[in-house]
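K.L.:
Below is the structure I would like to discuss, written out as structure tokens.
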Amino acid sequence: MVTENLKEVEARICAACERAGRDRSEVTLIAVSKTKPVEMIREAMEAGICEFGENKVQEMTEKWEIIKEPLHWHLIGHLQRNKVKYIVDRVHLIHSVDSVRLAEQINLEAGKKSKVCDILLEVNIAGEDSKFGLRPEEVMETVQTIAPMPHVRVRGLMTVAPFVENAEENRKHFRNMKKLMVDITGKNIDNVSMDILSMGMTGDYEVAIEEGATMVRVGTGIFGERVYNYS
Ligand SMILES: *Cc1c(COP(=O)(O)O)cnc(C)c1O
């Protein structure tokens, strides 16, 4: 199933790139494997995927215990400061930085390991009460505050767009994310390279690509519906 689904997702990504006049190489597909077993991750690896997304530190580190291959792991869920130490030396990119305090903690823990940790700032682009993320108007100042931290590098922005029936409803939000990126890039801030725009999930990744996403995070479309264990 995973192999078939990946073919479908890949075809849709290619088509969206084509519509937008973009090269396929500009978009990285992250396979969001949260709640899914290691066997399914291995199936995706067989199909050539090496970028995986998890939203919980514990689940990610448990999977690291089993999967030793050098994959790129992306932390895409809310991160608590006391858990930074468990992932900082092995995570490829943290997508969900939503405060200066969290960035400070990442800087501290990465420093202990003489590393530089790549991060994205999460933006609550639609201003939803239920969502994590910075308000759009806070982003510029936050980037400027984090920029001088020697063990953290801001690589771009991430958003989780609203859950909608029709992906077109999110186009305006993706467009606003792109505008925010361009504004920050224009400031030429030292130690900041705004080259990653992480947006688009199963329901709306094609629209996100049309509006400039460089990373899409697809879970259900690759691994099928998630079943949560409410215990
Ligand atoms: C779960 C999750 C995804 C993937 O969602 P799907 O709709 O299953 O593709 C993407 N991004 C974040 C932050 C997530 O938590």
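Lettering and numbering for the structure tokens are positional, with chains as A, B, ... in the shown order, residues counted from 1 in each chain, and ligands counted from 1 in the shown order.
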Return as a ChimeraX atom specification the residues of protein, DNA or RNA that approach ligand 1 to within 8 Å, with only C-alpha atoms and all ligand atoms taken into account.
P.N.:
/A:32,34,53-55,76-77,96,159-160,199-203,216-222,224-226
K.L.:
Write the residues you've just listed into a file as a compact mmCIF listing (two decimals), in the first residue's frame, and include N, CA, C and O atoms for each of them.
P.N.:
```
# COMPACT_ATOMS: atom_id res chain seq x y z
N VAL A 32 5.25 11.62 6.79
CA VAL A 32 4.91 11.77 8.21
C VAL A 32 4.45 10.42 8.77
O VAL A 32 3.34 9.96 8.49
N LYS A 34 4.15 9.41 11.99
CA LYS A 34 3.64 9.36 13.37
C LYS A 34 2.53 8.32 13.50
O LYS A 34 1.68 8.21 12.61
N GLY A 53 8.90 12.47 9.08
CA GLY A 53 8.42 13.43 10.07
C GLY A 53 7.71 12.74 11.21
O GLY A 53 6.91 11.83 11.00
N GLU A 54 8.01 13.19 12.44
CA GLU A 54 7.34 12.68 13.63
C GLU A 54 6.91 13.88 14.46
O GLU A 54 7.56 14.93 14.43
N ASN A 55 5.84 13.73 15.23
CA ASN A 55 5.40 14.88 16.02
C ASN A 55 5.66 14.74 17.52
O ASN A 55 5.41 15.66 18.27
N ILE A 76 8.07 17.71 13.75
CA ILE A 76 7.05 18.63 13.23
C ILE A 76 6.00 19.00 14.26
O ILE A 76 5.16 19.86 14.01
N GLY A 77 6.03 18.37 15.42
CA GLY A 77 5.01 18.65 16.44
C GLY A 77 5.53 19.58 17.52
O GLY A 77 6.73 19.88 17.59
N SER A 96 8.98 23.25 14.35
CA SER A 96 7.92 23.76 15.21
C SER A 96 8.41 24.69 16.31
O SER A 96 7.91 24.64 17.42
N THR A 159 4.01 26.18 8.58
CA THR A 159 2.66 26.39 9.09
C THR A 159 1.83 25.13 8.94
O THR A 159 2.09 24.30 8.07
N VAL A 160 0.88 24.99 9.85
CA VAL A 160 -0.17 23.98 9.72
C VAL A 160 -1.44 24.76 9.38
O VAL A 160 -1.98 25.46 10.21
N MET A 199 5.03 23.74 4.23
CA MET A 199 3.56 23.87 4.31
C MET A 199 2.91 22.92 3.32
O MET A 199 3.46 22.61 2.28
N GLY A 200 1.71 22.48 3.69
CA GLY A 200 0.98 21.53 2.85
C GLY A 200 1.00 20.15 3.47
O GLY A 200 2.07 19.63 3.81
N MET A 201 -0.19 19.56 3.65
CA MET A 201 -0.37 18.21 4.20
C MET A 201 -1.23 17.43 3.20
O MET A 201 -1.48 17.92 2.11
N THR A 202 -1.67 16.26 3.59
CA THR A 202 -2.40 15.42 2.64
C THR A 202 -3.52 16.17 1.90
O THR A 202 -3.66 16.03 0.69
N GLY A 203 -4.27 16.97 2.63
CA GLY A 203 -5.43 17.62 2.02
C GLY A 203 -5.12 18.80 1.12
O GLY A 203 -5.97 19.23 0.34
N VAL A 216 6.77 19.59 1.80
CA VAL A 216 5.40 19.21 2.13
C VAL A 216 5.45 18.02 3.08
O VAL A 216 6.33 17.17 2.99
N ARG A 217 4.50 17.99 4.03
CA ARG A 217 4.49 16.96 5.07
C ARG A 217 3.25 16.09 4.88
O ARG A 217 2.15 16.50 5.21
N VAL A 218 3.45 14.91 4.33
CA VAL A 218 2.30 14.07 3.96
C VAL A 218 2.30 12.79 4.81
O VAL A 218 3.26 12.02 4.78
N GLY A 219 1.23 12.61 5.57
CA GLY A 219 1.09 11.41 6.39
C GLY A 219 0.05 10.46 5.80
O GLY A 219 0.36 9.45 5.20
N THR A 220 -1.23 10.83 5.99
CA THR A 220 -2.34 9.98 5.55
C THR A 220 -2.22 9.55 4.09
O THR A 220 -2.50 8.40 3.75
N GLY A 221 -1.82 10.45 3.24
CA GLY A 221 -1.73 10.16 1.80
C GLY A 221 -0.71 9.08 1.48
O GLY A 221 -0.77 8.47 0.40
N ILE A 222 0.22 8.84 2.39
CA ILE A 222 1.24 7.80 2.19
C ILE A 222 0.94 6.56 3.02
O ILE A 222 0.98 5.44 2.51
N GLY A 224 -1.87 5.99 5.05
CA GLY A 224 -3.27 5.70 5.37
C GLY A 224 -3.72 6.42 6.64
O GLY A 224 -2.92 7.07 7.31
N GLU A 225 -4.99 6.29 6.93
CA GLU A 225 -5.58 6.96 8.11
C GLU A 225 -4.86 6.51 9.38
O GLU A 225 -4.47 5.36 9.50
N ARG A 226 -4.77 7.45 10.31
CA ARG A 226 -4.18 7.11 11.61
C ARG A 226 -5.25 6.68 12.58
O ARG A 226 -6.34 7.25 12.60
```
K.L.:
Let's see if you can do this: from backbone DSSP, list all strand (DSSP E or B) residues in region 53-176 of chain A, as a ChimeraX atom specification.
P.N.:
/A:53-54,72-75,93-97,117-123,134,152-158
K.L.:
Restricting it to C-alpha atoms, dump the selection as an mmCIF file, in the first residue's frame.
P.N.:
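So the final result, stored in selection19.cif, reads:
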```cif
data_model
loop_
_atom_site.group_PDB
_atom_site.id
_atom_site.type_symbol
_atom_site.label_atom_id
_atom_site.label_comp_id
_atom_site.auth_asym_id
_atom_site.auth_seq_id
_atom_site.Cartn_x
_atom_site.Cartn_y
_atom_site.Cartn_z
ATOM 1 C CA GLY A 53 8.417 13.434 10.070
ATOM 2 C CA GLU A 54 7.341 12.676 13.633
ATOM 3 C CA HIS A 72 16.646 12.690 7.810
ATOM 4 C CA TRP A 73 14.232 12.991 10.730
ATOM 5 C CA HIS A 74 12.002 16.059 11.024
ATOM 6 C CA LEU A 75 10.339 17.063 14.292
ATOM 7 C CA LEU A 93 15.293 19.936 11.195
ATOM 8 C CA ILE A 94 12.917 21.189 13.896
ATOM 9 C CA HIS A 95 9.868 22.666 12.162
ATOM 10 C CA SER A 96 7.919 23.764 15.207
ATOM 11 C CA VAL A 97 9.840 26.488 17.023
ATOM 12 C CA CYS A 117 20.633 22.961 14.890
ATOM 13 C CA ASP A 118 18.539 23.975 11.887
ATOM 14 C CA ILE A 119 15.086 25.254 12.796
ATOM 15 C CA LEU A 120 11.941 26.658 11.221
ATOM 16 C CA LEU A 121 9.612 29.071 12.955
ATOM 17 C CA GLU A 122 6.029 27.878 13.155
ATOM 18 C CA VAL A 123 3.491 30.493 12.157
ATOM 19 C CA LEU A 134 3.727 32.700 16.223
ATOM 20 C CA VAL A 152 20.744 27.652 16.043
ATOM 21 C CA ARG A 153 20.167 28.542 12.431
ATOM 22 C CA VAL A 154 16.810 29.787 11.187
ATOM 23 C CA ARG A 155 16.190 28.156 7.821
ATOM 24 C CA GLY A 156 12.639 29.282 7.152
ATOM 25 C CA LEU A 157 9.007 29.046 8.177
ATOM 26 C CA MET A 158 6.422 26.349 8.749
#
```
K.L.:
From a backbone DSSP assignment, name each residue in chain A labelled helix (DSSP H, G or I), as a PyMOL selection string.
P.N.:
chain A and resi 2-20+24-26+38-46+57-66+81-87+100-112+136-146+167-186+205-210+220-223
K.L.:
Measure the distance from CA of Leu197 (chain A) to CA of Met177 (chain A) in Å and round it to one decimal.
P.N.:
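About the pair CA of Leu197 (chain A) and CA of Met177 (chain A): they are 8.0 Å apart.
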K.L.:
Just to confirm, what's the straight-line distance from CA of Ile87 (chain A) to CA of Tyr228 (chain A) in Å (one decimal)?
P.N.:
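CA of Tyr228 (chain A) lies at a distance of 23.5 Å from CA of Ile87 (chain A).
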K.L.:
Give me the residues within 7 Å of region 167-175 of chain A as a ChimeraX atom specification, counting only C-alpha atoms and dropping any in the same chain fewer than 5 places off.
P.N.:
/A:125-126,161,203-204,207-208,211
K.L.:
With only C-alpha atoms as the basis for distance, which of A:Ala44, A:Ile30, A:Val182, A:Met1 is at the shortest distance from Ile13 (chain A)?
P.N.:
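Under the stated criterion, the closest residue is A:Ile30.
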K.L.:
Work out how far apart CA of Ala103 (chain A) and CA of Ser198 (chain A) are and give it in Å to one decimal.
P.N.:
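About the pair CA of Ala103 (chain A) and CA of Ser198 (chain A): they are 18.0 Å apart.
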K.L.:
For a quick check of understanding, using only C-alpha atoms, which of A:Val2, A:Val88, A:Glu104, A:Val116 has the smallest distance to Glu46 (chain A)?
P.N.:
A:Val2
K.L.:
Using only C-alpha atoms, which residue out of A:Asn82, A:Thr28, A:Ser130, A:Asn188 lies closest to Thr214 (chain A)?
P.N.:
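Smallest separation from Thr214 (chain A) among the options: A:Thr28.
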K.L.:
List as a list in words the protein and nucleic acid residues near Ile66 (chain A), meaning an atom at most 12 Å away when only C-alpha atoms are counted, but skip any in the same chain fewer than 4 places from it.
P.N.:
Pro37, Val38, Glu39, Ile41, Arg42, Glu59, Met60, Thr61, Glu62 and Pro70 of chain A
